[in-house]
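**Q** This one is structure-v3.txt, compact mmCIF, C-alpha atoms and all ligand atoms.
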```txt
# COMPACT_ATOMS: atom_id res chain seq x y z
CA MET A 689 8.49 -3.91 -13.84
CA SER A 690 8.51 -0.48 -12.21
CA ALA A 691 6.21 0.64 -9.44
CA SER A 692 2.90 1.87 -10.72
CA PRO A 693 2.64 5.59 -11.28
CA ASP A 694 0.58 7.99 -9.26
CA SER A 695 -2.87 7.06 -10.54
CA LYS A 696 -3.81 10.73 -11.02
CA THR A 697 -0.68 12.18 -12.56
CA GLY A 698 1.09 9.16 -14.09
CA TYR A 699 4.19 10.63 -12.54
CA ASN A 700 6.56 9.23 -9.92
CA SER A 701 9.42 10.92 -8.12
CA ILE A 702 12.35 8.86 -6.91
CA SER A 703 15.30 10.31 -5.01
CA ARG A 704 18.55 8.52 -4.26
CA PHE A 705 20.34 11.14 -2.24
CA PRO A 706 19.36 13.30 0.69
CA ASP A 707 17.90 16.58 -0.43
CA VAL A 708 20.89 18.80 0.08
CA THR A 709 19.66 21.79 -1.80
CA GLY A 710 15.99 22.01 -0.88
CA ASP A 711 13.08 21.08 -3.06
CA SER A 712 12.86 23.93 -5.50
CA SER A 713 16.42 25.16 -5.39
CA GLU A 714 17.32 27.55 -8.16
CA ASP A 715 20.56 25.63 -8.52
CA GLU A 716 18.74 22.45 -9.46
CA ILE A 717 19.26 21.16 -13.00
CA VAL A 718 16.27 19.41 -14.58
CA ILE A 719 16.75 17.33 -17.71
CA ALA A 720 14.00 15.39 -19.49
CA VAL A 721 15.12 12.27 -21.33
CA MET A 722 12.86 11.38 -24.25
CA GLY A 723 12.80 9.27 -27.40
CA SER A 724 11.30 6.03 -28.73
CA THR A 725 11.20 2.88 -26.64
CA GLY A 726 14.45 0.93 -26.67
CA THR A 727 16.72 3.81 -27.62
CA GLY A 728 18.59 3.59 -24.30
CA LYS A 729 16.97 6.31 -22.15
CA SER A 730 16.85 4.27 -18.94
CA SER A 731 20.36 2.89 -19.59
CA LEU A 732 21.75 6.43 -19.92
CA ILE A 733 20.09 7.52 -16.66
CA GLN A 734 21.38 4.42 -14.88
CA LEU A 735 24.90 5.06 -16.16
CA ILE A 736 24.88 8.63 -14.85
CA THR A 737 23.14 8.03 -11.52
CA CYS A 738 24.48 4.49 -10.86
CA ASP A 739 20.95 3.68 -9.70
CA GLU A 740 20.45 -0.07 -9.95
CA SER A 741 16.72 0.21 -9.37
CA ILE A 742 16.18 1.68 -12.84
CA ASP A 743 14.38 -0.70 -15.17
CA ILE A 744 16.26 -1.46 -18.35
CA GLY A 745 14.20 -3.14 -21.05
CA GLU A 746 15.57 -6.39 -22.36
CA SER A 747 13.52 -6.17 -25.52
CA LEU A 748 11.80 -3.42 -27.41
CA GLU A 749 8.75 -4.06 -25.32
CA SER A 750 8.76 -1.05 -23.09
CA GLU A 751 9.68 -1.28 -19.44
CA THR A 752 8.98 2.37 -18.79
CA PHE A 753 5.37 3.44 -18.96
CA GLU A 754 5.36 6.26 -16.48
CA VAL A 755 7.37 9.42 -15.99
CA LYS A 756 9.93 9.00 -13.23
CA ASP A 757 12.74 11.19 -12.07
CA PHE A 758 16.06 10.18 -10.62
CA TRP A 759 18.54 12.56 -9.15
CA PHE A 760 22.11 12.84 -8.06
CA VAL A 761 24.56 15.49 -6.96
CA ASP A 762 27.18 16.28 -9.58
CA HIS A 763 30.85 17.09 -8.98
CA THR A 764 30.06 20.81 -8.64
CA GLY A 765 27.60 20.04 -5.82
CA ARG A 766 24.51 20.79 -7.91
CA LYS A 767 21.45 18.60 -7.76
CA VAL A 768 20.71 17.14 -11.19
CA ARG A 769 17.31 15.56 -11.87
CA LEU A 770 17.02 13.24 -14.85
CA VAL A 771 13.48 12.52 -15.91
CA ASP A 772 12.82 9.17 -17.59
CA THR A 773 9.85 9.30 -19.92
CA PRO A 774 8.03 6.63 -21.92
CA GLY A 775 8.19 6.72 -25.71
CA PHE A 776 5.09 7.11 -27.82
CA ASP A 777 4.31 3.66 -29.20
CA ASP A 778 1.76 0.92 -28.91
CA SER A 779 3.86 -1.80 -27.31
CA ARG A 780 2.28 -1.50 -23.85
CA PRO A 781 -0.96 -3.37 -23.46
CA GLY A 782 -3.58 -1.22 -21.77
CA PHE A 783 -1.71 2.07 -22.31
CA THR A 784 -2.45 4.49 -25.11
CA ASP A 785 -0.31 7.32 -26.45
CA THR A 786 -2.77 9.71 -24.83
CA ASP A 787 -1.92 8.16 -21.44
CA ILE A 788 1.77 8.74 -22.24
CA LEU A 789 1.12 12.32 -23.38
CA LYS A 790 -0.85 13.04 -20.21
CA GLY A 791 1.88 11.58 -18.01
CA ILE A 792 4.53 13.78 -19.64
CA VAL A 793 2.33 16.89 -19.65
CA ASN A 794 1.41 16.39 -15.98
CA PHE A 795 5.09 16.23 -15.13
CA LEU A 796 5.85 19.38 -17.13
CA LEU A 797 2.93 21.29 -15.58
CA LYS A 798 4.03 20.25 -12.09
CA GLU A 799 7.52 21.61 -12.76
CA TYR A 800 6.03 24.86 -14.06
CA ASP A 801 3.65 25.19 -11.09
CA GLU A 802 6.59 24.68 -8.73
CA LYS A 803 8.45 27.42 -10.61
CA ARG A 804 11.05 25.16 -12.17
CA LYS A 805 12.19 25.34 -15.75
CA LEU A 806 13.84 22.63 -17.84
CA ASN A 807 17.55 23.00 -18.40
CA GLY A 808 17.67 20.43 -21.14
CA LEU A 809 15.74 17.88 -23.17
CA ILE A 810 17.74 14.91 -24.37
CA TYR A 811 16.16 13.11 -27.32
CA LEU A 812 17.66 9.67 -27.93
CA GLN A 813 17.90 8.13 -31.39
CA ARG A 814 19.47 4.79 -32.32
CA ILE A 815 22.17 5.28 -34.95
CA SER A 816 21.94 1.55 -35.74
CA ASP A 817 18.39 1.85 -37.17
CA PRO A 818 18.73 1.23 -40.91
CA ARG A 819 15.74 3.43 -41.65
CA PHE A 820 13.84 6.22 -39.96
CA GLY A 821 10.44 4.51 -39.81
CA GLY A 822 6.91 5.69 -39.12
CA GLN A 823 7.24 4.98 -35.41
CA SER A 824 10.40 7.14 -35.13
CA ALA A 825 8.80 9.92 -37.18
CA ARG A 826 5.69 9.89 -35.00
CA ASN A 827 7.75 10.03 -31.82
CA LEU A 828 9.91 12.84 -33.10
CA ARG A 829 6.89 14.86 -34.20
CA MET A 830 5.25 14.55 -30.78
CA PHE A 831 8.54 15.57 -29.15
CA ARG A 832 8.89 18.65 -31.37
CA GLU A 833 5.31 19.71 -30.66
CA LEU A 834 5.78 19.26 -26.91
CA CYS A 835 8.97 21.36 -27.00
CA GLY A 836 7.87 24.27 -29.13
CA THR A 837 10.42 26.10 -31.25
CA ASP A 838 11.63 28.36 -28.42
CA SER A 839 12.96 25.36 -26.54
CA TYR A 840 14.81 23.78 -29.49
CA ARG A 841 18.05 25.30 -28.24
CA ASN A 842 17.69 23.28 -25.04
CA VAL A 843 17.52 20.03 -27.00
CA VAL A 844 20.34 17.53 -27.35
CA VAL A 845 19.72 14.88 -30.00
CA LEU A 846 21.78 12.03 -28.62
CA THR A 847 22.59 9.14 -30.91
CA THR A 848 23.04 5.73 -29.25
CA PHE A 849 23.93 2.14 -30.25
CA TRP A 850 27.22 3.20 -31.83
CA ASP A 851 28.60 -0.24 -30.97
CA GLU A 852 26.24 -1.76 -33.56
CA VAL A 853 27.54 0.21 -36.57
CA ASN A 854 30.94 0.86 -38.01
CA GLU A 855 32.20 4.43 -37.93
CA THR A 856 31.67 5.08 -41.67
CA LYS A 857 28.09 3.84 -41.69
CA GLY A 858 27.38 5.64 -38.43
CA ALA A 859 28.80 8.93 -39.68
CA THR A 860 26.76 8.70 -42.90
CA ARG A 861 23.55 8.09 -40.94
CA GLU A 862 24.43 10.85 -38.51
CA ALA A 863 24.82 13.31 -41.39
CA GLN A 864 21.49 12.17 -42.80
CA LEU A 865 19.73 12.58 -39.46
CA LYS A 866 21.19 16.06 -39.14
CA SER A 867 20.30 17.24 -42.62
CA LYS A 868 16.91 15.55 -42.88
CA PHE A 869 14.92 14.21 -39.95
CA PHE A 870 16.38 16.41 -37.21
CA LYS A 871 17.02 19.44 -39.47
CA THR A 872 14.22 21.52 -37.95
CA LEU A 873 15.51 20.91 -34.45
CA VAL A 874 19.17 21.52 -35.37
CA ASP A 875 18.27 24.70 -37.30
CA GLY A 876 16.43 25.86 -34.18
CA GLY A 877 19.56 25.45 -32.04
CA ALA A 878 19.49 21.80 -30.96
CA ARG A 879 22.86 20.07 -30.56
CA LEU A 880 23.55 16.64 -32.10
CA MET A 881 25.84 14.55 -29.87
CA ARG A 882 27.03 10.95 -29.66
CA HIS A 883 26.76 8.57 -26.70
CA ASP A 884 28.89 5.43 -26.79
CA ARG A 885 27.77 4.06 -23.39
CA THR A 886 30.79 5.59 -21.67
CA ILE A 887 30.47 7.90 -18.70
CA GLU A 888 32.64 10.41 -20.57
CA SER A 889 30.17 10.82 -23.42
CA ALA A 890 27.31 11.06 -20.89
CA ARG A 891 29.18 13.74 -18.93
CA ALA A 892 29.83 15.71 -22.12
CA VAL A 893 26.05 15.96 -22.56
CA LEU A 894 25.56 17.15 -18.97
CA LYS A 895 28.38 19.68 -19.40
CA HIS A 896 26.68 21.11 -22.48
CA VAL A 897 23.26 21.23 -20.76
CA HIS A 898 24.83 23.18 -17.86
CA THR A 899 25.59 26.01 -20.30
CA LEU A 900 21.96 26.36 -21.47
CA VAL A 901 19.45 28.93 -20.29
CA PRO A 902 16.52 27.07 -18.65
CA THR A 903 13.23 27.08 -20.54
CA ASN A 904 9.48 26.54 -20.20
CA VAL A 905 8.54 24.12 -22.95
CA GLY A 906 5.90 25.02 -25.52
CA ILE A 907 3.05 22.82 -24.29
CA VAL A 908 3.31 24.33 -20.79
CA ASN A 909 3.04 27.84 -22.21
CA GLU A 910 0.11 26.73 -24.36
CA ILE A 911 -1.79 25.32 -21.37
CA ARG A 912 -0.81 27.64 -18.52
CA VAL A 913 -0.18 30.93 -20.32
CA GLU A 914 -2.47 30.76 -23.36
CA GLY A 915 -5.09 28.70 -21.46
CA LYS A 916 -5.41 26.04 -24.18
CA LYS A 917 -6.94 22.63 -23.59
CA LEU A 918 -4.68 19.59 -24.05
CA GLU A 919 -6.63 18.61 -27.15
CA ASP A 920 -5.95 22.01 -28.73
CA THR A 921 -2.23 22.14 -28.02
CA ALA A 922 0.16 21.34 -30.86
CA ALA A 923 1.00 17.91 -29.41
CA GLY A 924 -2.61 17.18 -28.40
CA SER A 925 -3.96 17.96 -31.83
CA VAL A 926 -1.36 15.72 -33.48
CA ARG A 927 -2.66 12.88 -31.33
CA ARG A 928 -6.31 13.80 -31.94
CA GLU A 929 -5.82 13.87 -35.69
CA GLU A 930 -4.13 10.49 -35.53
CA VAL A 931 -6.84 8.91 -33.37
CA ASP A 932 -9.60 10.34 -35.59
CA ARG A 933 -7.82 9.04 -38.68
CA ILE A 934 -7.40 5.54 -37.19
CA ILE A 935 -11.04 5.42 -36.07
CA ALA A 936 -12.24 6.44 -39.53
CA LYS A 937 -10.00 3.80 -41.15
CA HIS A 938 -11.17 1.08 -38.78
CA LYS A 939 -14.81 1.95 -39.38
CA GLU A 940 -14.24 1.66 -43.11
CA GLU A 941 -12.58 -1.73 -42.68
CA VAL A 942 -15.37 -3.04 -40.44
CA ALA A 943 -17.94 -1.95 -43.02
CA GLU A 944 -15.99 -3.66 -45.77
CA LEU A 945 -15.81 -6.90 -43.78
CA GLN A 946 -19.52 -6.70 -43.17
CA ALA A 947 -20.08 -6.51 -46.90
CA GLN A 948 -17.73 -9.44 -47.54
CA MET A 949 -19.57 -11.49 -44.93
CA SER A 950 -22.93 -10.94 -46.55
CA ALA A 951 -21.46 -11.98 -49.88
CA ALA A 952 -19.78 -15.06 -48.42
CA GLN A 953 -22.86 -16.16 -46.50
CA LYS A 954 -24.14 -17.96 -49.51
CA SER A 955 -20.83 -19.74 -50.38
CA ASN A 956 -19.34 -21.32 -47.25
CA LEU A 957 -19.53 -21.30 -43.50
CA GLN A 958 -15.78 -21.57 -42.88
CA ALA A 959 -15.10 -18.34 -44.69
CA ILE A 960 -17.82 -16.68 -42.62
CA GLN A 961 -16.14 -17.82 -39.39
CA GLY A 962 -12.80 -16.32 -40.55
CA LEU A 963 -14.43 -13.03 -41.40
CA GLN A 964 -16.30 -12.99 -38.11
CA ASP A 965 -13.03 -13.41 -36.18
CA GLU A 966 -11.46 -10.65 -38.21
CA ARG A 967 -14.41 -8.37 -37.53
CA ALA A 968 -14.24 -9.12 -33.77
CA GLU A 969 -10.53 -8.22 -33.71
CA MET A 970 -11.17 -5.06 -35.71
CA GLN A 971 -13.94 -4.02 -33.36
CA LYS A 972 -11.66 -4.59 -30.37
CA GLN A 973 -9.11 -2.23 -31.89
CA LEU A 974 -11.77 0.28 -32.77
CA ALA A 975 -12.94 0.23 -29.13
CA ARG A 976 -9.36 0.90 -27.97
CA PHE A 977 -9.02 3.99 -30.15
CA GLU A 978 -12.48 5.21 -29.29
CA ARG A 979 -11.54 4.90 -25.63
CA GLU A 980 -8.38 6.89 -26.38
CA ALA A 981 -10.39 9.63 -28.07
CA GLY A 982 -12.59 9.76 -24.96
CA GLU A 983 -9.51 9.87 -22.73
CA LEU A 984 -8.10 12.78 -24.72
CA LYS A 985 -11.31 14.66 -24.09
CA LYS A 986 -11.40 13.68 -20.42
CA GLY A 987 -7.91 15.09 -20.02
CA LEU A 988 -9.31 18.46 -20.89
CA ASP A 989 -11.82 18.37 -18.05
CA ASP A 990 -9.03 17.48 -15.62
CA GLU A 991 -7.04 20.41 -16.94
CA LYS A 992 -9.96 22.76 -16.77
CA GLN A 993 -10.43 21.80 -13.16
CA SER A 994 -6.74 22.17 -12.44
CA ARG A 995 -6.65 25.58 -14.19
CA GLU A 996 -9.66 26.71 -12.19
CA ARG A 997 -8.05 25.35 -9.01
CA MET A 998 -4.91 27.33 -9.80
CA GLN A 999 -6.91 30.51 -10.35
CA VAL A 1000 -8.68 30.02 -7.02
CA GLU A 1001 -5.32 29.36 -5.34
CA ALA A 1002 -3.81 32.49 -6.91
CA ALA A 1003 -6.76 34.60 -5.70
CA LYS A 1004 -6.46 33.06 -2.23
CA GLU A 1005 -2.74 33.78 -2.19
CA LYS A 1006 -3.41 37.40 -3.15
CA GLU A 1007 -5.98 37.71 -0.40
CA ASN A 1008 -3.62 36.10 2.13
CA TYR A 1009 -0.94 38.56 1.13
CA ALA A 1010 -3.28 41.53 1.64
CA VAL A 1011 -4.29 40.20 5.07
CA TRP A 1012 -0.66 39.58 5.97
CA ARG A 1013 0.31 43.08 4.87
CA GLU A 1014 -2.47 44.68 6.82
CA LYS A 1015 -1.52 42.68 9.93
CA GLN A 1016 2.14 43.61 9.40
CA GLU A 1017 1.25 47.30 9.09
CA ARG A 1018 -0.86 47.12 12.24
CA GLU A 1019 1.97 45.44 14.10
CA TRP A 1020 4.47 48.02 12.91
CA THR A 1021 2.18 50.90 13.86
CA SER A 1022 1.58 49.52 17.34
CA ARG A 1023 5.27 48.75 17.78
CA PHE A 1024 6.13 52.27 16.62
CA ASP A 1025 3.55 53.75 19.01
CA SER A 1026 4.82 51.84 22.02
CA GLN A 1027 8.41 52.69 21.10
CA THR A 1028 7.50 56.37 20.81
CA LYS A 1029 5.77 56.20 24.20
CA ALA A 1030 8.77 54.49 25.79
CA TYR A 1031 11.04 57.11 24.28
CA ASP A 1032 8.88 59.98 25.58
CA LYS A 1033 8.87 58.39 29.02
CA SER A 1034 12.65 58.07 29.16
CA VAL A 1035 13.03 61.68 27.95
CA GLN A 1036 10.73 62.78 30.81
CA GLU A 1037 12.74 60.73 33.28
CA LEU A 1038 16.02 62.16 32.09
CA LYS A 1039 14.57 65.65 32.27
CA ALA A 1040 13.42 65.06 35.86
CA GLN A 1041 16.82 63.61 36.79
CA HIS A 1042 18.52 66.62 35.23
CA GLU A 1043 16.30 69.06 37.15
CA GLU A 1044 16.87 67.16 40.38
CA ARG A 1045 20.64 67.27 39.87
CA THR A 1046 20.55 71.01 39.05
CA LYS A 1047 18.54 71.71 42.19
CA GLU A 1048 20.94 69.58 44.25
CA ALA A 1049 23.93 71.48 42.82
CA GLU A 1050 22.22 74.78 43.60
CA ARG A 1051 21.47 73.57 47.12
CA VAL A 1052 25.12 72.55 47.67
CA GLN A 1053 26.36 75.85 46.24
CA ALA A 1054 23.95 77.89 48.42
CA ALA A 1055 25.10 75.98 51.49
CA GLU A 1056 28.75 76.65 50.55
CA TRP A 1057 28.01 80.33 50.05
CA ARG A 1058 26.26 80.50 53.38
CA ALA A 1059 29.22 78.82 55.11
CA ASN A 1060 31.69 81.19 53.37
CA LYS A 1061 29.60 84.17 54.29
CA ALA A 1062 29.46 83.11 57.96
CA GLU A 1063 33.21 82.60 58.00
CA LEU A 1064 33.80 86.02 56.42
CA LEU A 1065 31.53 87.69 58.95
CA LEU A 1066 33.39 85.93 61.73
CA GLU A 1067 36.71 87.13 60.29
CA ILE A 1068 35.46 90.71 60.06
CA GLU A 1069 34.21 90.46 63.63
CA ARG A 1070 37.58 89.22 64.82
CA ASN A 1071 39.45 91.99 62.97
CA ARG A 1072 37.14 94.62 64.47
CA ASP A 1073 37.82 93.34 68.02
CA HIS A 1074 41.53 93.49 67.37
CA ASP A 1075 41.43 97.09 66.00
CA SER A 1076 39.43 98.43 68.96
CA GLY A 1077 41.71 96.88 71.71
CA PRO A 1078 44.03 98.98 74.21
CA CYS A 1079 46.73 101.02 72.40
CA ILE A 1080 50.14 100.81 74.02
CA ILE A 1081 52.48 103.74 73.18
CA MET A 1082 56.16 103.13 73.72
N1 LIG A 1101 23.99 -2.46 -28.09
C1 LIG A 1101 23.51 -1.49 -27.34
N2 LIG A 1101 22.47 -1.75 -26.53
C2 LIG A 1101 21.97 -0.74 -25.77
C3 LIG A 1101 22.53 0.58 -25.82
N3 LIG A 1101 21.83 1.34 -24.95
C4 LIG A 1101 20.89 0.54 -24.40
N4 LIG A 1101 20.97 -0.72 -24.89
C5 LIG A 1101 20.09 -1.84 -24.58
O1 LIG A 1101 18.83 -1.61 -25.21
C6 LIG A 1101 17.77 -2.10 -24.43
C7 LIG A 1101 16.77 -0.98 -24.12
O2 LIG A 1101 17.41 -0.02 -23.32
P1 LIG A 1101 16.62 0.95 -22.33
O3 LIG A 1101 17.63 1.77 -21.65
O4 LIG A 1101 15.67 0.20 -21.48
O5 LIG A 1101 15.80 1.81 -23.38
P2 LIG A 1101 14.55 2.78 -23.16
O6 LIG A 1101 13.34 2.02 -23.50
O7 LIG A 1101 14.78 3.91 -24.09
O8 LIG A 1101 14.58 3.22 -21.72
C8 LIG A 1101 18.42 -2.69 -23.19
O9 LIG A 1101 18.58 -4.05 -23.37
C9 LIG A 1101 19.79 -2.03 -23.11
O10 LIG A 1101 20.73 -2.83 -22.47
C10 LIG A 1101 23.64 0.83 -26.71
O11 LIG A 1101 24.19 1.92 -26.83
N5 LIG A 1101 24.08 -0.26 -27.45
MG MG A 1102 13.11 2.99 -20.30
```
Represent the structure from my file as structure tokens, please.
Ligand SMILES: Nc1nc2c(ncn2[C@@H]2O[C@H](COP(=O)(O)OP(=O)(O)O)[C@@H](O)[C@H]2O)c(=O)[nH]1
Ligand SMILES: [Mg+2]
**A**
Amino acid sequence: MSASPDSKTGYNSISRFPDVTGDSSEDEIVIAVMGSTGTGKSSLIQLITCDESIDIGESLESETFEVKDFWFVDHTGRKVRLVDTPGFDDSRPGFTDTDILKGIVNFLLKEYDEKRKLNGLIYLQRISDPRFGGQSARNLRMFRELCGTDSYRNVVVLTTFWDEVNETKGATREAQLKSKFFKTLVDGGARLMRHDRTIESARAVLKHVHTLVPTNVGIVNEIRVEGKKLEDTAAGSVRREEVDRIIAKHKEEVAELQAQMSAAQKSNLQAIQGLQDERAEMQKQLARFEREAGELKKGLDDEKQSRERMQVEAAKEKENYAVWREKQEREWTSRFDSQTKAYDKSVQELKAQHEERTKEAERVQAAEWRANKAELLLEIERNRDHDSGPCIIM
């Protein structure tokens, strides 16, 4: 059995490789793997990541009851995160579909809050199933409502268990899935692909997902952008309707048993015991669904708090930015002032140096002139002495 999920979020994060790209790298590829229990979700993730710690269910009883992500670095050096999700069904004692819905929604909201979109959503479907039963229909409906029509083009409907059908039967079922049960998704841009448990078919899916434009799924937009409560989202209301319907049906059945018991009271005690057991079982189930209805409502309070927390955080971030900007402006102004002062000072110094040098040059030149003048005067004096000397006539 897997490690228990984070008690608050129902979501675990498991990494196999060192984080080479940083936590919220834009290059990161995020792919959610969904579908009913036992369709091969965990097996597919294990095949791709080679992670032996992944729990593979040996029976249809689900091994996966929390959302977990596993990641690896693909051949192009990109970090790929594959998110294993539980299917919507009642095979886990103590876990309701609302718990599953909350786990998945918490994961999706966390991705959105950390500014990551989903590159792809792989929805697994066993091709070997002879009929598309109520459980499969329920699962598919929840999946579609979680996605929202805008994200259909990011969906890959991946058929598994091809080894359990012959090609003709498989192809016939595939055509039926495409034209009937998955028609809405395919018409909206989803791709139908096959997985035969080989790494090649798994890689083909990844290759296709790499070409898709990342998306924010519908339920995230409903909660974060439109401000809806979980209960009022498309997926939440599907679950609420279902829970309400089941509660109403159970109540009817309990009332009917009560009536039968009163009638049987007169006939025999054994029959009464049987009916009493049946009523006890019925009431146990009723309590389970009533608890689920309460849980669905409780989820809303959590969300309200988280939405309010996000609003407070956004306001705080805005305020921090204003403070940071003001501080930055102050720093720039003071830096500019001191630079201007330093510049003025060096201009003054240069000016003084220039004046000093000019004066020095003038001093040198004046001294030279004085020396020249003295020499000239001396020369003149000498010439005068010569001209006025004794004149010898031959
Ligand atoms: N025959 C067959 N068995 C498969 C295939 N994929 C998975 N399984 C088996 O089906 C069971 C459930 O698989 P798992 O990956 O746990 O399904 P999950 O509940 O969707 O995660 C396991 O015993 C797997 O070994 C497949 O393509 N063919
Ligand atoms: Mg699983």
**Q** I'd like the interatomic distance between CA of Val897 in chain A and CA of Arg879 in chain A, to a tenth of an Å.
**A** 9.9 Å
**Q** Which distance in Å separates atom C1 of ligand LIG 1101 (chain A) and CA of Phe776 in chain A, to one decimal?
**A**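 Computing it gives 20.3 Å between the two atoms.
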**Q** Mind listing whatever residues come within 12 Å of the point (21.5, 21.1, -15.3)? Use all atoms listed in the file, file coordinates, and give them as a ChimeraX atom specification.
**A** /A:713-720,759-771,804-810,842,891,893-903
**Q** Quick one: of A:Leu812, A:Leu1038, A:Ile788, A:Ala922, who's nearest to ligand LIG 1101 (chain A), counting all atoms listed in the file?
**A**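 Smallest separation from ligand LIG 1101 (chain A) among the options: A:Leu812.
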**Q** Between CA of Phe870 in chain A and CA of Asp932 in chain A, what is the distance, to one decimal in Å?
**A**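 Straight-line distance from CA of Phe870 in chain A to CA of Asp932 in chain A works out to 26.7 Å.
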**Q** Taking all atoms of range 970-975 of chain A that the file lists, what box with edges along x, y and z, padded by 5 Å per side, do you get, with centre and edge lengths in Å to one decimal, as lines of an AutoDock Vina configuration file?
**A**
```
center_x = -11.5
center_y = -2.4
center_z = -32.4
size_x = 14.8
size_y = 15.3
size_z = 16.6
```
**Q** Would it be fine to have range 823-854 of chain A, with C-alpha atoms, given as a JSON list (two decimals), in the first residue's frame?
**A**
```
[["chain", "number", "residue", "atom", "x", "y", "z"],
["A", 823, "GLN", "CA", -19.03, 2.67, -13.30],
["A", 824, "SER", "CA", -17.14, 3.57, -16.51],
["A", 825, "ALA", "CA", -19.82, 6.08, -17.51],
["A", 826, "ARG", "CA", -19.69, 7.73, -14.09],
["A", 827, "ASN", "CA", -15.92, 7.98, -14.19],
["A", 828, "LEU", "CA", -15.89, 9.40, -17.68],
["A", 829, "ARG", "CA", -18.54, 11.98, -16.81],
["A", 830, "MET", "CA", -16.55, 13.19, -13.79],
["A", 831, "PHE", "CA", -13.43, 13.38, -15.96],
["A", 832, "ARG", "CA", -15.20, 15.43, -18.64],
["A", 833, "GLU", "CA", -16.60, 17.83, -16.06],
["A", 834, "LEU", "CA", -13.19, 18.26, -14.42],
["A", 835, "CYS", "CA", -11.59, 19.00, -17.81],
["A", 836, "GLY", "CA", -14.07, 21.42, -19.27],
["A", 837, "THR", "CA", -14.51, 21.60, -23.04],
["A", 838, "ASP", "CA", -11.56, 23.95, -23.60],
["A", 839, "SER", "CA", -9.15, 21.29, -22.38],
["A", 840, "TYR", "CA", -10.56, 18.44, -24.50],
["A", 841, "ARG", "CA", -7.79, 18.99, -27.04],
["A", 842, "ASN", "CA", -5.25, 18.16, -24.33],
["A", 843, "VAL", "CA", -6.87, 14.79, -23.71],
["A", 844, "VAL", "CA", -5.54, 11.45, -24.92],
["A", 845, "VAL", "CA", -8.00, 8.59, -24.54],
["A", 846, "LEU", "CA", -5.63, 5.67, -24.19],
["A", 847, "THR", "CA", -7.01, 2.19, -24.63],
["A", 848, "THR", "CA", -5.25, -0.59, -22.68],
["A", 849, "PHE", "CA", -5.49, -4.40, -22.25],
["A", 850, "TRP", "CA", -5.05, -5.02, -25.97],
["A", 851, "ASP", "CA", -3.47, -8.37, -25.08],
["A", 852, "GLU", "CA", -6.87, -9.59, -23.86],
["A", 853, "VAL", "CA", -8.74, -9.08, -27.16],
["A", 854, "ASN", "CA", -8.11, -10.09, -30.72]]
```
